[in-house]
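Source file work-v8.cif; content: mmCIF, C-alpha atoms.
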data_final
#
loop_
_atom_site.label_atom_id
_atom_site.label_comp_id
_atom_site.auth_asym_id
_atom_site.auth_seq_id
_atom_site.Cartn_x
_atom_site.Cartn_y
_atom_site.Cartn_z
CA MET Q 1 -29.43 1.82 -20.43
CA THR Q 2 -31.04 5.05 -19.29
CA GLN Q 3 -34.53 5.40 -17.82
CA GLU Q 4 -35.76 6.98 -21.08
CA GLU Q 5 -34.46 4.05 -23.13
CA LEU Q 6 -36.05 1.57 -20.73
CA ASP Q 7 -39.45 3.36 -20.95
CA ALA Q 8 -39.22 3.39 -24.74
CA LEU Q 9 -38.42 -0.31 -24.72
CA MET Q 10 -41.40 -1.10 -22.51
CA GLU Q 11 -43.71 0.87 -24.82
CA GLY Q 12 -42.38 -1.01 -27.84
CA ASP Q 13 -40.79 2.00 -29.53
CA VAL Q 14 -37.34 0.47 -29.45
CA SER Q 15 -36.38 -3.05 -30.46
CA LEU Q 16 -34.04 -5.03 -28.25
CA ASP Q 17 -31.44 -5.60 -30.94
CA GLU Q 18 -27.97 -6.97 -30.39
CA GLU Q 19 -26.43 -3.54 -29.79
CA ASN Q 20 -28.94 -2.64 -27.08
CA THR Q 21 -28.56 -6.09 -25.54
CA ASP Q 22 -24.78 -5.67 -25.31
CA LYS Q 23 -25.21 -2.19 -23.83
CA LEU Q 24 -27.66 -3.53 -21.26
CA GLU Q 25 -25.23 -6.27 -20.27
CA ASP Q 26 -22.44 -3.70 -19.95
CA ASP Q 27 -24.65 -1.46 -17.81
CA GLU Q 28 -25.56 -4.36 -15.54
CA SER Q 29 -21.89 -5.39 -15.20
CA LEU Q 30 -20.92 -1.82 -14.35
CA LYS Q 31 -23.77 -1.59 -11.84
CA ASP Q 32 -22.68 -4.83 -10.13
CA LEU Q 33 -19.10 -3.54 -9.92
CA GLU Q 34 -20.24 -0.22 -8.43
CA ASP Q 35 -22.53 -1.99 -5.95
CA LYS Q 36 -19.57 -4.08 -4.84
CA GLY Q 37 -17.33 -1.03 -4.55
CA ASP Q 38 -19.91 0.95 -2.51
CA ASN Q 39 -19.77 -1.57 0.30
CA VAL Q 40 -15.97 -1.59 0.58
CA MET Q 41 -14.28 0.78 3.02
CA LEU Q 42 -10.90 2.05 1.86
CA GLU Q 43 -9.15 1.03 5.05
CA ASN Q 44 -10.49 -2.54 4.66
CA VAL Q 45 -9.18 -3.03 1.13
CA LYS Q 46 -6.45 -5.65 0.99
CA ILE Q 47 -3.91 -6.36 -1.72
CA ALA Q 48 -5.52 -9.72 -2.47
CA ASP Q 49 -8.94 -8.06 -2.85
CA TYR Q 50 -7.71 -5.27 -5.11
CA SER Q 51 -8.65 -5.84 -8.74
CA PRO Q 52 -8.52 -2.64 -10.82
CA HIS Q 53 -11.09 -2.26 -13.56
CA PRO Q 54 -9.99 -0.45 -16.76
CA ASP Q 55 -13.22 1.60 -16.89
CA VAL Q 56 -13.81 2.27 -13.19
CA LEU Q 57 -11.57 4.24 -10.83
CA TRP Q 58 -12.96 2.56 -7.72
CA PRO Q 59 -11.72 1.14 -5.52
CA PRO Q 60 -8.45 3.08 -5.43
CA PRO Q 61 -5.20 1.23 -4.67
CA PRO Q 62 -5.06 -0.01 -1.06
CA PRO Q 63 -3.07 2.26 1.31
CA ASN Q 64 -0.17 -0.11 1.85
CA ASP Q 65 3.58 0.28 1.46
CA GLN Q 66 3.32 -0.55 -2.23
CA HIS Q 67 1.20 2.52 -2.94
CA LYS Q 68 2.34 4.99 -0.27
CA VAL Q 69 4.17 7.58 -2.35
CA VAL Q 70 5.95 9.40 0.47
CA HIS Q 71 6.94 6.07 2.02
CA GLN Q 72 8.53 5.00 -1.26
CA LEU Q 73 10.28 8.34 -1.73
CA ASP Q 74 11.68 8.06 1.79
CA ASP Q 75 13.07 4.63 0.89
CA VAL Q 76 14.54 6.01 -2.32
CA THR Q 77 16.32 8.89 -0.58
CA LYS Q 78 17.54 6.64 2.22
CA ASP Q 79 18.88 3.98 -0.15
CA SER Q 80 20.34 6.66 -2.40
CA GLU Q 81 22.19 8.26 0.49
CA VAL Q 82 23.54 4.90 1.70
CA LYS Q 83 24.73 3.85 -1.76
CA ALA Q 84 26.20 7.28 -2.45
CA THR Q 85 28.18 7.12 0.80
CA GLU Q 86 29.44 3.64 -0.06
CA LEU Q 87 30.46 4.78 -3.55
CA LEU Q 88 32.30 7.82 -2.22
CA GLU Q 89 34.18 5.61 0.22
CA LYS Q 90 35.17 3.27 -2.64
CA LEU Q 91 36.34 6.20 -4.75
CA GLU Q 92 38.39 7.51 -1.85
CA SER Q 93 40.00 4.10 -1.42
CA ILE Q 94 40.87 3.98 -5.13
CA ASN Q 95 42.37 7.45 -4.90
CA ASN Q 96 44.49 6.31 -1.94
CA PHE Q 97 45.73 3.32 -3.93
CA PHE Q 98 46.76 5.64 -6.74
CA ALA Q 99 48.55 7.96 -4.32
CA ASN Q 100 50.40 5.08 -2.64
CA SER Q 101 51.42 3.65 -6.02
CA GLU Q 102 52.71 7.05 -7.09
CA THR Q 103 54.83 7.20 -3.94
CA LEU Q 104 56.25 3.73 -4.65
CA MET Q 105 57.07 4.73 -8.21
CA SER Q 106 58.95 7.74 -6.87
CA GLU Q 107 61.07 5.46 -4.70
CA LEU Q 108 61.72 3.11 -7.62
CA ASN Q 109 62.84 6.03 -9.75
CA LYS Q 110 65.54 6.76 -7.19
CA VAL Q 111 66.78 3.19 -7.59
CA PHE Q 112 66.73 3.45 -11.39
CA ASP Q 113 68.65 6.74 -11.24
CA LYS Q 114 71.29 5.13 -9.00
CA ASN Q 115 71.62 2.13 -11.34
CA ILE Q 116 71.93 4.38 -14.38
CA GLU Q 117 74.65 6.37 -12.64
CA ILE Q 118 76.63 3.21 -11.74
CA PHE Q 119 76.32 1.50 -15.13
CA THR Q 120 77.19 4.73 -16.91
CA LYS Q 121 80.49 4.87 -15.04
CA LEU Q 122 81.18 1.18 -15.65
CA ASN Q 123 80.36 1.49 -19.33
CA THR Q 124 82.68 4.48 -19.61
CA LYS Q 125 85.54 2.64 -17.89
CA PHE Q 126 84.86 -0.73 -19.57
CA PRO Q 127 83.26 0.10 -22.91
CA HIS Q 128 83.82 -3.39 -24.30
CA VAL Q 129 81.84 -5.15 -21.56
CA VAL Q 130 78.48 -5.94 -23.13
CA SER Q 131 76.72 -6.63 -19.81
CA PHE Q 132 77.34 -3.07 -18.64
CA VAL Q 133 75.88 -1.67 -21.85
CA GLU Q 134 72.78 -3.87 -21.64
CA ALA Q 135 72.19 -3.05 -17.97
CA LEU Q 136 72.51 0.65 -18.68
CA GLU Q 137 69.94 0.53 -21.52
CA LEU Q 138 67.63 -1.65 -19.47
CA ASN Q 139 67.55 0.82 -16.57
CA LYS Q 140 67.03 3.75 -18.92
CA ASN Q 141 64.05 2.00 -20.54
CA ILE Q 142 62.57 1.14 -17.14
CA LYS Q 143 63.00 4.77 -16.08
CA ASP Q 144 61.00 5.89 -19.10
CA LYS Q 145 58.28 3.30 -18.38
CA SER Q 146 58.05 4.47 -14.78
CA LYS Q 147 57.32 8.00 -15.99
CA GLU Q 148 54.41 6.69 -18.09
CA ILE Q 149 53.11 4.74 -15.08
CA ALA Q 150 53.29 7.84 -12.90
CA THR Q 151 51.37 9.82 -15.54
CA ASN Q 152 48.66 7.14 -15.67
CA LEU Q 153 48.36 7.17 -11.89
CA GLN Q 154 47.93 10.95 -11.88
CA ASP Q 155 45.28 10.68 -14.60
CA GLY Q 156 43.49 8.06 -12.52
CA GLN Q 157 43.48 10.37 -9.52
CA ASP Q 158 42.01 13.15 -11.66
CA GLU Q 159 39.24 10.84 -12.86
CA VAL Q 160 38.42 9.87 -9.28
CA ILE Q 161 38.15 13.53 -8.28
CA MET Q 162 35.82 14.15 -11.23
CA ALA Q 163 33.68 11.18 -10.19
CA MET Q 164 33.44 12.56 -6.65
CA ASP Q 165 32.35 15.92 -8.05
CA ALA Q 166 29.69 14.16 -10.11
CA MET Q 167 28.41 12.47 -6.95
CA GLN Q 168 27.71 15.90 -5.51
CA TYR Q 169 25.00 16.35 -8.16
CA GLN Q 170 23.42 13.11 -7.00
CA ASP Q 171 23.30 14.50 -3.48
CA ILE Q 172 21.62 17.64 -4.79
CA HIS Q 173 18.98 15.48 -6.49
CA ARG Q 174 18.39 13.65 -3.22
CA GLN Q 175 17.88 16.97 -1.46
CA LYS Q 176 15.36 18.00 -4.13
CA ILE Q 177 13.39 14.80 -3.55
CA GLU Q 178 13.44 15.44 0.19
CA ARG Q 179 12.11 18.95 -0.43
CA VAL Q 180 9.25 17.47 -2.48
CA ILE Q 181 8.54 15.06 0.37
CA ASN Q 182 8.40 17.93 2.86
CA VAL Q 183 5.97 19.85 0.65
CA MET Q 184 3.78 16.77 0.18
CA ARG Q 185 3.72 16.09 3.91
CA ALA Q 186 2.86 19.72 4.65
CA LEU Q 187 -0.01 19.58 2.14
CA SER Q 188 -1.17 16.27 3.61
CA ARG Q 189 -1.26 17.72 7.13
CA TYR Q 190 -3.07 20.82 5.86
CA MET Q 191 -5.71 18.75 4.01
CA SER Q 192 -6.19 16.46 7.01
CA SER Q 193 -6.66 19.47 9.26
CA LEU Q 194 -9.02 21.10 6.74
CA PHE Q 195 -11.33 18.09 6.55
CA GLU Q 196 -11.23 17.16 10.21
CA GLY Q 197 -14.57 16.39 11.85
CA LYS Q 198 -15.82 16.08 15.40
CA ILE Q 199 -17.73 12.86 14.65
CA ASP Q 200 -16.02 9.58 13.95
CA ASP Q 201 -16.73 8.38 10.42
CA LYS Q 202 -17.95 5.01 11.67
CA LYS Q 203 -20.56 6.73 13.84
CA ARG Q 204 -21.99 8.80 11.00
CA VAL Q 205 -25.49 8.09 9.63
CA GLY Q 206 -25.35 6.05 6.43
CA SER Q 207 -26.37 7.82 3.24
CA ALA Q 208 -26.80 6.99 -0.41
CA VAL Q 209 -23.72 7.39 -2.52
CA HIS Q 210 -25.58 7.92 -5.80
CA ILE Q 211 -27.92 10.59 -7.14
CA GLU Q 212 -30.92 10.51 -9.43
CA GLY Q 213 -29.87 9.41 -12.92
CA ASP Q 214 -27.09 7.04 -11.86
CA ILE Q 215 -27.36 3.40 -12.89
CA ASN Q 216 -27.72 2.35 -9.25
CA THR Q 217 -30.74 1.73 -7.02
CA ASP Q 218 -29.08 3.16 -3.91
CA VAL Q 219 -30.69 6.58 -4.42
CA VAL Q 220 -32.47 8.82 -1.93
CA SER Q 221 -35.94 9.64 -3.24
CA ASN Q 222 -38.14 12.62 -2.37
CA ASP Q 223 -40.31 10.36 -0.20
CA ASP Q 224 -37.25 9.23 1.74
CA ILE Q 225 -36.23 12.83 2.34
CA GLU Q 226 -39.72 13.83 3.54
CA ALA Q 227 -39.87 10.78 5.82
CA LEU Q 228 -36.47 11.66 7.27
CA ILE Q 229 -37.57 15.26 7.95
CA ALA Q 230 -40.78 14.03 9.55
CA SER Q 231 -38.89 11.62 11.81
CA LEU Q 232 -36.54 14.38 12.92
CA GLY Q 233 -39.49 16.60 13.78
CA GLN Q 234 -40.95 13.94 16.06
CA LYS Q 235 -37.81 13.74 18.21
#

Final C-alpha cells representation of the file:
Amino acid sequence: MTQEELDALMEGDVSLDEENTDKLEDDESLKDLEDKGDNVMLENVKIADYSPHPDVLWPPPPPNDQHKVVHQLDDVTKDSEVKATELLEKLESINNFFANSETLMSELNKVFDKNIEIFTKLNTKFPHVVSFVEALELNKNIKDKSKEIATNLQDGQDEVIMAMDAMQYQDIHRQKIERVINVMRALSRYMSSLFEGKIDDKKRVGSAVHIEGDINTDVVSNDDIEALIASLGQK
C-alpha cells in the first residue's frame, strides 16, 4: 500500500475491502522479507539459511562451491579431460586387440593353406578316400571364414579410428570452455580492480538502503541529512 492509499484510507475515502486487505498483507510480508534481507551480509549467508523467494531477488545464492560458476566449469573441464584420456586409452587398447587378432588370423591362414595343399594332393592320389575329401572341403570353408573375420577386424579398427577422431572434437569443446573461463576470470579481476576502495567495507559508516517511496522505514529523511551535515561541521 502506497502512502497516498494510506492517507486516503485514513480520511475515509477508500474502504478497506478484501482486495485492499490482501494487498496490505502482501506489502507487509514483502516489507518483513526485505527487512530481514537488509541485515544479512552476503559473506555470512549459509546454505541452510538460503531460502529464495519467487518475487524477491535478495538474498542472492550464497558464494559456495554449489554456486561458483568458474569453480564448476573448472571441475567440468578437469573431469572431461580425465574421462576423455581414459576413453582414448580404452579405444587404443581395443585397436591393439584388433591388430593382434588380425596377426593371428594371418598365421592361421598359413596353416589352412598348408592343409589345403596336403589334402588336395591326397585327394588327387586317393580320390575314393572320403576322409581326404571332407578334410579338404573343411579347410577351404575355414579359409573363407577367416577372410570374413579379417575383414571384420579391419572394419573394427576403422571404427576405432573414427571414434578417436570424434574425441578430438570433445577436446576442442573443452578448450572453448577454458577460453570462456579465462575471459570470465579476466572480467572478474577487472571489475574487482575497478571497484576497489581504500576503506574496508566493515569500517564504513552505515547508511540506509532504501529511498523515499520504498515500502521500508529505513529511509534517510531531510532532517537526518541536515543533522549529519551539522555534526560534520562541528568536528

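Applied to this file, the PyMOL selection byres ((chain Q and resi 167) around 12) selects the residues Ser80, Glu81, Lys83, Ala84, Thr85, Glu86, Leu87, Leu88, Glu89, Leu91, Val160, Ile161, Met162, Ala163, Met164, Asp165, Ala166, Gln168, Tyr169, Gln170, Asp171, Ile172, His173 and Arg174 of chain Q.
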
Output check: residues returned by the PyMOL selection byres ((chain Q and resi 128-138) around 12), as a list of chain:residue names: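 So the PyMOL selection byres ((chain Q and resi 128-138) around 12), applied here, picks out Q:Phe112, Q:Asp113, Q:Lys114, Q:Asn115, Q:Ile116, Q:Glu117, Q:Ile118, Q:Phe119, Q:Thr120, Q:Lys121, Q:Leu122, Q:Asn123, Q:Thr124, Q:Lys125, Q:Phe126, Q:Pro127, Q:Asn139, Q:Lys140, Q:Asn141, Q:Ile142, Q:Lys143, Q:Asp144, Q:Lys145.
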
Rounded to one decimal place, report the atom CA of Thr103 of chain Q-atom CA of Gly156 of chain Q distance in Å.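 Separation between atom CA of Thr103 of chain Q and atom CA of Gly156 of chain Q: 14.2 Å.
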
Gap from atom CA of Ile181 of chain Q to atom CA of Lys78 of chain Q - Å, one decimal: 12.5 Å

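We find atom CA of Arg179 of chain Q and atom CA of Val76 of chain Q to be spaced 13.3 Å apart.
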
Please report, as AutoDock Vina command-line options, the centre and edge lengths in Å to one decimal of an axis-aligned box covering all listed atoms of segment 77-81 of chain Q with 6 Å per side.
--center_x 19.3 --center_y 6.4 --center_z -0.1 --size_x 17.9 --size_y 16.9 --size_z 16.6

Write out, as JSON lines, each residue of segment 126-155 of chain Q that has an atom at most 10 Å from segment 94-99 of chain Q, together with the closest pair of atoms and their distance in Å to one decimal, counting all atoms listed in the file, rows going by chain and rising number.
{"residue": "Q:Ala150", "atom": "CA", "partner": "Q:Phe98", "partner_atom": "CA", "distance": 9.2}
{"residue": "Q:Asn152", "atom": "CA", "partner": "Q:Phe98", "partner_atom": "CA", "distance": 9.3}
{"residue": "Q:Leu153", "atom": "CA", "partner": "Q:Phe98", "partner_atom": "CA", "distance": 5.6}
{"residue": "Q:Gln154", "atom": "CA", "partner": "Q:Phe98", "partner_atom": "CA", "distance": 7.5}
{"residue": "Q:Asp155", "atom": "CA", "partner": "Q:Phe98", "partner_atom": "CA", "distance": 9.5}

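The residue that comes closest to Lys176 of chain Q, out of Q:Ser101, Q:Thr77, Q:Ser188, Q:Gln157 and on the basis of all atoms listed in the file, is Q:Thr77.
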